[in-house]
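**Student:** If it helps, the file is called entry_1.txt and holds compact mmCIF, C-alpha atoms:
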```
# COMPACT_ATOMS: atom_id res chain seq x y z
CA MET B 1 0.00 0.00 0.00
CA LYS B 2 2.82 2.39 0.92
CA ARG B 3 4.58 1.67 -2.37
CA LEU B 4 1.36 2.32 -4.26
CA LEU B 5 0.95 5.68 -2.50
CA ASN B 6 4.53 6.65 -3.35
CA ILE B 7 3.98 5.75 -7.00
CA LEU B 8 0.76 7.75 -7.02
CA LYS B 9 2.54 10.75 -5.48
CA TYR B 10 5.23 10.81 -8.15
CA VAL B 11 2.70 10.29 -10.92
CA LEU B 12 0.70 13.26 -9.63
CA LEU B 13 3.84 15.40 -9.46
CA LEU B 14 4.70 14.43 -13.02
CA ALA B 15 1.15 15.29 -14.07
CA PHE B 16 1.52 18.65 -12.32
CA SER B 17 4.73 19.28 -14.31
CA ALA B 18 2.85 18.45 -17.50
CA VAL B 19 0.05 20.88 -16.58
CA LEU B 20 2.57 23.66 -15.94
CA MET B 21 4.33 22.94 -19.23
CA ARG B 22 1.01 22.87 -21.07
CA TYR B 23 0.11 26.22 -19.53
CA ALA B 24 3.48 27.68 -20.54
CA VAL B 25 3.00 26.79 -24.25
CA ARG B 26 -0.76 27.33 -24.42
CA GLY B 27 -1.87 29.56 -27.28
CA GLN B 28 1.61 29.92 -28.74
CA ASP B 29 2.94 29.39 -32.23
CA LEU B 30 4.89 26.17 -31.72
CA SER B 31 6.43 26.40 -35.19
CA LEU B 32 7.90 29.77 -34.18
CA VAL B 33 9.18 28.24 -30.93
CA GLY B 34 10.87 25.51 -32.97
CA GLN B 35 12.39 28.11 -35.26
CA TYR B 36 13.88 30.01 -32.31
CA MET B 37 15.36 26.77 -30.97
CA ARG B 38 16.89 25.86 -34.34
CA GLU B 39 18.41 29.32 -34.72
CA ALA B 40 20.07 29.21 -31.30
CA ASN B 41 23.83 29.68 -31.13
CA TYR B 42 24.88 26.51 -29.37
CA PHE B 43 28.40 27.79 -28.76
CA TRP B 44 27.10 29.89 -25.87
CA LEU B 45 25.14 26.94 -24.56
CA SER B 46 28.33 24.85 -24.63
CA VAL B 47 30.04 27.56 -22.57
CA THR B 48 27.21 27.43 -20.01
CA MET B 49 27.52 23.64 -19.77
CA VAL B 50 31.26 23.90 -19.08
CA LEU B 51 30.58 26.49 -16.39
CA SER B 52 27.86 24.27 -14.94
CA ALA B 53 30.30 21.36 -14.69
CA LEU B 54 32.76 23.59 -12.83
CA GLY B 55 29.93 24.58 -10.50
CA TYR B 56 29.21 20.94 -9.70
CA PHE B 57 32.89 20.30 -8.93
CA SER B 58 32.95 23.33 -6.63
CA ARG B 59 29.72 22.33 -4.91
CA ALA B 60 31.08 18.83 -4.27
CA TYR B 61 34.23 20.28 -2.70
CA ARG B 62 32.09 22.46 -0.45
CA TRP B 63 30.09 19.44 0.68
CA LYS B 64 33.33 17.56 1.41
CA MET B 65 34.47 20.48 3.59
CA GLN B 66 31.29 20.09 5.63
CA LEU B 67 31.72 16.33 5.98
CA ASP B 68 35.36 16.69 7.01
CA ALA B 69 34.28 19.04 9.80
CA THR B 70 32.08 16.38 11.45
CA ASN B 71 33.27 14.04 14.18
CA THR B 72 32.70 10.87 12.18
CA ARG B 73 35.55 8.35 11.99
CA GLN B 74 34.91 7.69 8.32
CA THR B 75 36.38 10.08 5.78
CA ALA B 76 35.19 10.34 2.19
CA SER B 77 37.42 11.12 -0.75
CA TYR B 78 36.56 14.05 -3.00
CA TRP B 79 35.47 11.79 -5.86
CA ASP B 80 33.25 9.67 -3.61
CA VAL B 81 31.54 12.87 -2.46
CA TYR B 82 31.24 14.19 -6.02
CA HIS B 83 29.83 10.94 -7.42
CA ALA B 84 27.30 10.66 -4.59
CA MET B 85 26.16 14.25 -5.16
CA MET B 86 25.72 13.77 -8.91
CA VAL B 87 23.76 10.54 -8.38
CA GLY B 88 21.48 12.55 -6.10
CA TYR B 89 20.96 15.22 -8.77
CA LEU B 90 20.22 12.49 -11.29
CA ALA B 91 17.67 10.96 -8.91
CA ASN B 92 15.95 14.33 -8.50
CA MET B 93 15.12 14.20 -12.20
CA VAL B 94 12.79 11.29 -11.43
CA LEU B 95 12.08 11.47 -7.68
CA PRO B 96 11.71 15.09 -6.55
CA ARG B 97 13.66 15.91 -3.35
CA MET B 98 14.53 12.23 -2.83
CA GLY B 99 17.92 12.86 -4.39
CA GLU B 100 19.13 14.39 -1.11
CA VAL B 101 18.49 11.13 0.74
CA ILE B 102 19.77 8.97 -2.11
CA ARG B 103 23.12 10.78 -2.34
CA CYS B 104 23.63 10.30 1.41
CA SER B 105 22.84 6.61 1.04
CA VAL B 106 25.30 6.28 -1.86
CA LEU B 107 27.99 8.02 0.17
CA ARG B 108 27.43 5.60 3.05
CA ARG B 109 27.91 2.63 0.72
CA THR B 110 31.06 4.02 -0.89
CA SER B 111 32.73 5.70 2.11
CA GLY B 112 30.91 4.59 5.25
CA VAL B 113 29.79 8.09 6.23
CA PRO B 114 26.59 7.73 8.33
CA VAL B 115 23.46 8.72 6.44
CA GLN B 116 22.20 10.96 9.25
CA VAL B 117 25.47 12.94 9.36
CA ALA B 118 25.55 13.41 5.58
CA LEU B 119 21.86 14.34 5.58
CA GLY B 120 22.45 16.94 8.29
CA SER B 121 25.17 18.55 6.16
CA VAL B 122 22.80 18.56 3.18
CA ILE B 123 20.15 20.33 5.28
CA THR B 124 22.72 23.01 6.14
CA GLU B 125 23.58 23.28 2.46
CA ARG B 126 19.93 23.81 1.58
CA VAL B 127 19.49 26.43 4.31
CA ILE B 128 22.46 28.33 2.86
CA ASP B 129 20.89 28.10 -0.60
CA VAL B 130 17.62 29.52 0.76
CA VAL B 131 19.50 32.42 2.38
CA VAL B 132 21.29 33.14 -0.90
CA LEU B 133 18.01 32.94 -2.81
CA LEU B 134 16.37 35.40 -0.41
CA GLY B 135 19.32 37.70 -0.98
CA LEU B 136 18.84 37.38 -4.73
CA ILE B 137 15.17 38.27 -4.41
CA GLY B 138 16.16 41.36 -2.44
CA ALA B 139 18.81 42.26 -5.03
CA THR B 140 16.28 41.86 -7.84
CA VAL B 141 13.93 44.25 -6.06
CA LEU B 142 16.69 46.83 -5.56
CA VAL B 143 18.11 46.59 -9.07
CA ASP B 144 14.84 46.60 -11.01
CA PHE B 145 12.00 47.35 -8.61
CA ASN B 146 9.37 48.46 -11.13
CA ARG B 147 9.70 45.42 -13.36
CA PHE B 148 9.89 43.08 -10.38
CA TRP B 149 6.79 44.53 -8.76
CA SER B 150 4.87 44.32 -12.02
CA PHE B 151 5.82 40.66 -12.26
CA VAL B 152 4.59 39.95 -8.72
CA LEU B 153 1.33 41.77 -9.38
CA SER B 154 0.78 39.86 -12.62
CA LEU B 155 1.14 36.59 -10.73
CA TYR B 156 -0.86 37.34 -7.61
CA SER B 157 -3.23 40.23 -8.27
CA ASP B 158 -6.19 37.89 -8.72
CA LYS B 159 -5.44 36.18 -5.41
CA TYR B 160 -5.21 39.20 -3.11
CA ASP B 161 -8.89 39.19 -2.12
CA SER B 162 -9.02 35.48 -1.33
CA MET B 163 -5.73 35.75 0.63
CA ALA B 164 -7.14 38.61 2.70
CA ARG B 165 -10.29 36.62 3.48
CA SER B 166 -8.29 33.60 4.56
CA GLN B 167 -5.79 35.54 6.69
CA GLN B 168 -7.70 34.95 9.93
CA THR B 169 -8.01 31.24 9.15
CA LEU B 170 -4.26 31.01 8.52
CA LEU B 171 -3.48 32.74 11.81
CA VAL B 172 -5.76 30.37 13.73
CA ALA B 173 -4.23 27.34 12.01
CA GLY B 174 -0.72 28.63 12.76
CA GLY B 175 -1.61 29.17 16.40
CA LEU B 176 -3.01 25.65 16.70
CA LEU B 177 0.10 24.14 15.13
CA LEU B 178 2.31 26.10 17.53
CA LEU B 179 0.22 24.95 20.50
CA ILE B 180 0.37 21.32 19.37
CA GLY B 181 4.14 21.60 18.95
CA LEU B 182 4.62 23.02 22.44
CA ILE B 183 2.42 20.32 23.99
CA THR B 184 4.37 17.63 22.14
CA LEU B 185 7.71 19.01 23.36
CA TYR B 186 6.38 19.17 26.93
CA LEU B 187 5.16 15.55 26.85
CA LEU B 188 8.48 14.39 25.42
CA TYR B 189 10.36 16.20 28.18
CA ARG B 190 8.13 14.77 30.93
CA ASN B 191 8.48 11.21 29.63
CA LEU B 192 12.08 11.36 28.47
CA GLU B 193 13.45 8.77 30.92
CA ARG B 194 10.66 6.34 30.12
CA LEU B 195 11.14 6.80 26.39
CA ARG B 196 14.88 6.13 26.68
CA LYS B 197 14.07 2.57 27.75
CA LEU B 198 12.60 1.95 24.29
CA ALA B 199 14.97 0.65 21.61
CA LEU B 200 13.11 2.57 18.89
CA PHE B 201 13.47 5.87 20.76
CA ASN B 202 17.20 5.29 21.32
CA LYS B 203 17.65 4.57 17.62
CA LEU B 204 15.74 7.75 16.76
CA GLU B 205 17.81 9.74 19.27
CA ARG B 206 21.08 8.52 17.70
CA PHE B 207 19.75 9.47 14.27
CA VAL B 208 18.83 12.98 15.45
CA ARG B 209 22.23 13.43 17.11
CA GLY B 210 23.96 12.46 13.89
CA LEU B 211 21.66 14.78 11.96
CA LEU B 212 22.55 17.69 14.24
CA GLU B 213 26.24 16.80 13.89
CA GLY B 214 25.92 17.27 10.15
CA ILE B 215 23.82 20.42 10.44
CA PHE B 216 26.29 22.19 12.74
CA SER B 217 29.35 20.98 10.85
CA ILE B 218 29.64 24.45 9.34
CA ARG B 219 30.69 25.79 12.75
CA LYS B 220 33.74 23.50 12.76
CA LEU B 221 35.05 24.29 9.29
CA GLU B 222 38.80 24.76 9.18
CA ASN B 223 38.58 27.38 6.42
CA LYS B 224 35.29 29.26 6.52
CA TRP B 225 36.48 31.77 3.91
CA LEU B 226 37.16 29.00 1.41
CA PHE B 227 33.69 27.61 2.10
CA LEU B 228 32.21 31.06 1.46
CA ALA B 229 34.26 31.39 -1.73
CA HIS B 230 32.91 28.09 -3.08
CA THR B 231 29.36 29.17 -2.20
CA LEU B 232 29.75 32.48 -4.05
CA PHE B 233 31.45 30.77 -6.99
CA THR B 234 28.60 28.26 -7.32
CA TRP B 235 25.98 30.98 -7.48
CA LEU B 236 28.11 33.09 -9.81
CA VAL B 237 28.19 30.09 -12.14
CA TYR B 238 24.39 29.83 -11.94
CA TYR B 239 24.13 33.51 -12.88
CA LEU B 240 26.55 33.26 -15.80
CA MET B 241 24.71 30.19 -17.11
CA ASP B 242 21.50 32.21 -17.42
CA TYR B 243 23.12 35.45 -18.55
CA LEU B 244 25.44 33.99 -21.22
CA ALA B 245 22.56 31.94 -22.60
CA PHE B 246 20.93 35.25 -23.59
CA PHE B 247 23.52 35.56 -26.36
CA ALA B 248 22.45 32.23 -27.84
CA PHE B 249 19.17 33.76 -29.06
CA PRO B 250 18.70 36.89 -31.18
CA GLY B 251 15.58 37.80 -29.22
CA THR B 252 17.35 37.87 -25.84
CA SER B 253 20.86 38.99 -26.80
CA GLN B 254 20.09 42.61 -25.91
CA LEU B 255 19.10 41.83 -22.31
CA GLY B 256 21.38 43.11 -19.56
CA VAL B 257 22.69 42.01 -16.17
CA ALA B 258 19.45 42.94 -14.37
CA ALA B 259 17.45 40.59 -16.57
CA GLY B 260 20.02 37.85 -15.90
CA LEU B 261 19.58 38.39 -12.17
CA ALA B 262 15.80 38.18 -12.46
CA VAL B 263 15.94 34.99 -14.56
CA LEU B 264 18.36 33.43 -12.07
CA THR B 265 16.11 34.31 -9.13
CA PHE B 266 12.78 33.16 -10.52
CA GLY B 267 14.32 30.23 -12.36
CA ALA B 268 15.83 29.03 -9.07
CA ILE B 269 12.39 29.27 -7.45
CA GLY B 270 11.00 27.14 -10.26
CA MET B 271 13.77 24.56 -9.85
CA ALA B 272 13.10 24.42 -6.10
CA MET B 273 9.48 23.35 -6.61
CA PRO B 274 8.81 19.66 -5.80
CA VAL B 275 8.46 18.48 -9.39
CA GLN B 276 10.73 16.26 -11.45
CA GLY B 277 13.80 18.31 -12.39
CA GLY B 278 11.86 21.57 -12.24
CA ILE B 279 10.04 20.57 -15.43
CA GLY B 280 7.22 22.96 -16.18
CA ALA B 281 7.80 25.14 -13.13
CA PHE B 282 11.19 26.41 -14.37
CA HIS B 283 9.87 27.01 -17.87
CA LEU B 284 6.83 28.92 -16.68
CA MET B 285 8.80 31.10 -14.25
CA VAL B 286 11.52 31.95 -16.79
CA GLN B 287 9.03 32.61 -19.57
CA SER B 288 7.01 34.93 -17.30
CA THR B 289 10.16 36.78 -16.21
CA LEU B 290 11.34 37.31 -19.78
CA LEU B 291 7.86 38.50 -20.74
CA VAL B 292 8.26 41.35 -18.25
CA TYR B 293 11.46 42.35 -20.11
CA GLY B 294 9.61 42.55 -23.43
CA ILE B 295 10.51 39.08 -24.73
CA SER B 296 7.68 37.28 -26.53
CA LYS B 297 6.20 34.13 -25.05
CA GLU B 298 7.55 32.06 -27.95
CA ALA B 299 11.10 33.39 -27.54
CA GLY B 300 10.85 33.03 -23.75
CA ILE B 301 9.74 29.40 -23.80
CA ALA B 302 12.36 28.58 -26.45
CA TYR B 303 15.04 30.03 -24.16
CA ALA B 304 13.71 28.06 -21.18
CA LEU B 305 13.44 24.81 -23.14
CA VAL B 306 16.97 24.98 -24.54
CA VAL B 307 18.62 26.12 -21.30
CA HIS B 308 16.79 23.55 -19.18
CA GLY B 309 17.32 20.85 -21.79
CA SER B 310 21.07 21.43 -22.01
CA GLN B 311 21.45 21.38 -18.23
CA THR B 312 19.31 18.25 -17.96
CA LEU B 313 21.48 16.56 -20.57
CA LEU B 314 24.58 17.49 -18.56
CA VAL B 315 23.11 16.09 -15.32
CA VAL B 316 22.14 12.86 -17.08
CA LEU B 317 25.64 12.52 -18.53
CA MET B 318 27.59 13.39 -15.40
CA GLY B 319 25.10 11.66 -13.10
CA GLY B 320 25.15 8.52 -15.22
CA ILE B 321 28.95 8.33 -15.07
CA SER B 322 28.84 8.92 -11.32
CA PHE B 323 26.19 6.23 -10.87
CA VAL B 324 28.39 3.65 -12.59
CA ALA B 325 31.47 4.77 -10.63
CA SER B 326 29.56 4.61 -7.33
CA MET B 327 28.19 1.15 -8.05
CA VAL B 328 31.67 -0.12 -8.90
CA LYS B 329 33.11 1.46 -5.73
CA SER B 330 30.33 0.14 -3.46
CA GLY B 331 30.78 -3.32 -4.98
CA ARG B 332 34.51 -3.24 -4.22
CA THR B 333 33.83 -1.98 -0.69
CA GLY B 334 31.33 -4.76 -0.05
CA GLN B 335 33.77 -7.37 -1.37
CA ALA B 336 36.53 -6.02 0.85
CA VAL B 337 34.26 -6.23 3.90
CA ALA B 338 33.29 -9.79 3.00
CA ASN B 339 36.94 -10.83 2.67
CA ALA B 340 37.97 -9.19 5.94
```
Represent the supplied structure as structure tokens.
**Tutor:**
Amino acid sequence: MKRLLNILKYVLLLAFSAVLMRYAVRGQDLSLVGQYMREANYFWLSVTMVLSALGYFSRAYRWKMQLDATNTRQTASYWDVYHAMMVGYLANMVLPRMGEVIRCSVLRRTSGVPVQVALGSVITERVIDVVVLLGLIGATVLVDFNRFWSFVLSLYSDKYDSMARSQQTLLVAGGLLLLIGLITLYLLYRNLERLRKLALFNKLERFVRGLLEGIFSIRKLENKWLFLAHTLFTWLVYYLMDYLAFFAFPGTSQLGVAAGLAVLTFGAIGMAMPVQGGIGAFHLMVQSTLLVYGISKEAGIAYALVVHGSQTLLVVLMGGISFVASMVKSGRTGQAVANA
């Protein structure tokens, strides 16, 4: 039954992606979209793919820095960390958000790093990404406030009235959730000694401790400035990928740095949505953003399709190689354990 529910969940998410994609291309001249895609200068797209690969290498090194800062006995090599990360990105193309767990599982099989510790470091990584994304949203507002505000209004103007009516309901629901959380924490505290006699609770406690070890690994980094440099480099790569791709299309080649910042920001929001590989969500967000900058819907969706398609191809290629490498490594590790 549980497996059936999981399958149904992913099918519904895929259907949601299809609905978003259908909405993005609705009422457009698909022959014109195809023409824009055929006329694209794929040299610039090749440059963005090279930059993207460098970004993945940098991101893997940053994750290794976090893992090295934990108190685990097991140490992972750079390539084990990189391969596990790329397998996770590949998994996200099919199983939204499950890639984070899968990459931690792969790393455990290849290097012995506990899943809960690796997962804690991934949570920290995601929190940092959210902070950066919030900063990007603020930068977009400061750099191009009028266009940004028009974009927000075009998305949500029809929902303001319903949101205002439901505000009281949301406050009540939030208050109830807070009350339930406080009561739960109080009951756990009162019954802590009794719960510690249960094997399941002890196992859960060890998992949470390992999770926190990974989360707070950033506090123990030997070189925090290098960690910050890799974080900035990764997001600079993301920006250049979107900005340089403008030059691949005649219709977007005149756009400036502000448009690149806006596409990066809203495209990242689309990629963060719980759908397979950001399909549909990314395309709709990027198309809507480019529309604000005077780019036609056909040119906007062509840009989104080609950029997303090239990056997906890169993830499939690099993730596929990493999957094979990880399976070979885990097989050797298992054989070594069996022979010991």
**Student:** Using all atoms listed in the file, which of the listed residues (B:Leu314, B:Ala299, B:Val127, B:Ala248) sits closest to Tyr42 in chain B?
**Tutor:**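 Result for the nearest residue to Tyr42 in chain B: B:Ala248.
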**Student:** CA of Asn92 in chain B and CA of Val237 in chain B, how far apart in Å?
**Tutor:**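 Result for CA of Val237 in chain B versus CA of Asn92 in chain B: 20.3 Å, one decimal.
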**Student:** Gly88 in chain B: which residues within 8 Å, counting only C-alpha atoms, same-chain residues fewer than 4 positions away excluded, as a PDB file with C-alpha atoms, in the frame of the given file?
**Tutor:**
```pdb
ATOM      1  CA  ALA B  84      27.300  10.660  -4.590  1.00  0.00           C
ATOM      2  CA  ASN B  92      15.950  14.330  -8.500  1.00  0.00           C
ATOM      3  CA  MET B  98      14.530  12.230  -2.830  1.00  0.00           C
ATOM      4  CA  GLY B  99      17.920  12.860  -4.390  1.00  0.00           C
ATOM      5  CA  GLU B 100      19.130  14.390  -1.110  1.00  0.00           C
ATOM      6  CA  VAL B 101      18.490  11.130   0.740  1.00  0.00           C
ATOM      7  CA  ILE B 102      19.770   8.970  -2.110  1.00  0.00           C
ATOM      8  CA  ARG B 103      23.120  10.780  -2.340  1.00  0.00           C
ATOM      9  CA  GLY B 319      25.100  11.660 -13.100  1.00  0.00           C
TER      10      GLY B 319
END
```
**Student:** Excluding range 242-245 of chain B and any residue of its chain fewer than 6 positions from it, enumerate the residues within 8 Å of it, using only C-alpha atoms, and give them as a VMD selection string.
**Tutor:** chain B and resid 44 to 45 48 256 to 257 259 to 261 263 to 264 303 307
**Student:** Might you pull out every residue within 10 Å of range 52-57 of chain B, with only C-alpha atoms counted and same-chain residues fewer than 4 positions away left off, and present them as an NGL selection string?
**Tutor:** :B and (46-48 or 61-62 or 78-79 or 81-83 or 85-86 or 230-231 or 233-238 or 240-241 or 311 or 314-315 or 318)
**Student:** Using 6 Å of padding on each side, determine the axis-aligned box around all atoms of range 79-98 of chain B present in the file and give its centre and edge lengths in Å to one decimal, as AutoDock Vina command-line options.
**Tutor:**
```
--center_x 23.6 --center_y 12.8 --center_z -7.3 --size_x 35.8 --size_y 18.2 --size_z 21.7
```
**Student:** Can you work out which one of B:Arg194, B:Arg38, B:His308, B:Arg108 has the shortest atom-to-atom distance to Met327 in chain B, counting only C-alpha atoms?
**Tutor:**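 Of all the options, B:Arg108 lies closest to Met327 in chain B.
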**Student:** Using CA of Lys329 in chain B and CA of Ser77 in chain B as the two end points, give the distance in Å to one decimal.
**Tutor:**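 Calculated distance between CA of Lys329 in chain B and CA of Ser77 in chain B is 11.7 Å.
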**Student:** So how far away is CA of Ser288 in chain B from CA of Ile301 in chain B, in Å?
**Tutor:**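 Separating CA of Ile301 in chain B from CA of Ser288 in chain B is a distance of 9.0 Å.
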**Student:** So that I can see what lies close to range 267-279 of chain B, please list as a ChimeraX atom specification the residues with an atom at most 6 Å from it, counting all atoms listed in the file and leaving out residues fewer than 3 positions away in the same chain.
**Tutor:** /B:13,17,92-94,96,263-264,282,285-286
